[in-house]
Every structure is written in C-alpha cells, then in structure tokens.
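S.K.: Quick one: the structure is below, questions incoming.
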Amino acid sequence: MIDLGISKLALIGAVALIVIGPEKLPRVARTVGALLGKAQRYVADVKAEVSRSMELEELKKMKDSVETAARDVQSSVESGASDFEKSWSDATAGLDNEPLREPTEADAMNAIGQGVYPVYRHPKKNFRLKQKAVPQWFKARTGVRTRTQSGAARVARFRPRPSSKP
C-alpha cells in the first residue's frame with residue numbers, strides 16, 4: 001500500500017494533534033483504523049477472487065486436456081479392438097465351427113503338462129464333523145455348550161435360591 005516511515009507517521013500525528021485537538025484524536029484514530037481495516041479486507045477479497053478465477057481457468061484447461069486424452073485412448077482402444085476382431089476372424093476362418101463343451105477331469109489331467117490348470121473340485125469338508133471331533137472332557141473344561149437350553153431355563157438355573165429361614 002503506502003510506504004510510510006516512522007518519521008512520516010510522527011509528523012502526521014503531530015499535525016493531527018494540533019489540527020484536531022487532543023480530545024477528538026482517539027475517535028479519529030479509531031475511525032481511520034476501521035477504514036484501513038475495511039480497505040485491507042476489500043483488497044484481500046479482490047485478491048482471493050482473482051486467484052479463484054485463475055484456478056478455475058486452469059481447471060478448465062486441465063479438464064479439456066484430460067477429455068482429449070480420454071478420447072485419444074478410447075479411439076486407440078476401439079482401433080485395437082477392431083484390428084483384433086479382424087485378425088481373429090482371419091485366424092478362425094479355416095476352423096470348423098464345433099460347439100464348445102465343458103472341460104472334464106480327464107481333459108484337465110491330460111492337459112496338465114501343457115500348462116492348463118485342473119478343474120476345481122470342492123473339498124467336501126463339513127465344519128460340524130470337526131466340532132464333533134473335540135473330546136467331551138475338553139468341551140467340559142473350556143465351557144463349550146453341548147446341549148441347547150432356553151433363556152428361561154438358564155435364568156431358572158442360575159436364580160439364587162430363597163433361604164429357608166423363617
């Protein structure tokens with residue numbers, strides 16, 4: 001803003017003290033300070049608005065460049081796909097059209113040496129069998145419930161017994 005040194009500020013203060021008087025000087029100083037604060041806030045708002053508009057412009061440019069890059073990639077993928085379709089149709093033109101079938105285990109076993117992986121078979125494990133294999137003494141020691149019990153029966157089981165003293 002304005003470059004004022006200490007000597008200039010002292011000179012302005014002395015002139016203001018003589019012209020305005022010592023009684024009105026604090027009120028005038030507050031008013032000048034408030035006006036300077038408003039001016040600084042206005043300048044900061046203008047700077048922020050300018051920077052926002054510049055950022056918005058940069059984002060628009062970046063958006064346009066990304067969109068053009070996406071279009072280029074899409075066109076290259078489409079051209080690659082069409083080239084692949086042409087080469088696939090040329091490669092399969094001489095083959096007879098026999099329908100595909102599900103591979104069997106025999107096919108998988110024959111093709112293991114050729115780099116084809118075997119067909120997945122479910123291991124047929126049952127978690128209930130594993131639970132039953134735990135010994136009863138271990139279940140009793142660790143507190144595993146072996147029999148079902150209703151909530152009411154559990155409450156009745158652990159309810160404190162009334163004392164038989166009259």
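Within each chain, counting starts at residue 1; across the structure tokens, chains are named A, B, ... in the order shown, with ligands numbered 1 upward in that order.
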Can you check which residues of chain A DSSP gives as alpha helix (DSSP H) on the backbone and send them as a ChimeraX atom specification?

M.R.: /A:6-20,25-91,105-111,127-132,136-142,151-158

S.K.: Just the number, please: distance in Å from atom CA of A:Pro135 to atom CA of A:Val155, one decimal.

M.R.: 27.7 Å

S.K.: Work out how far apart atom CA of A:Val15 and atom CA of A:Gly33 are and give it in Å to one decimal.

M.R.: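 Value for the atom CA of A:Val15-atom CA of A:Gly33 distance: 17.3 Å.
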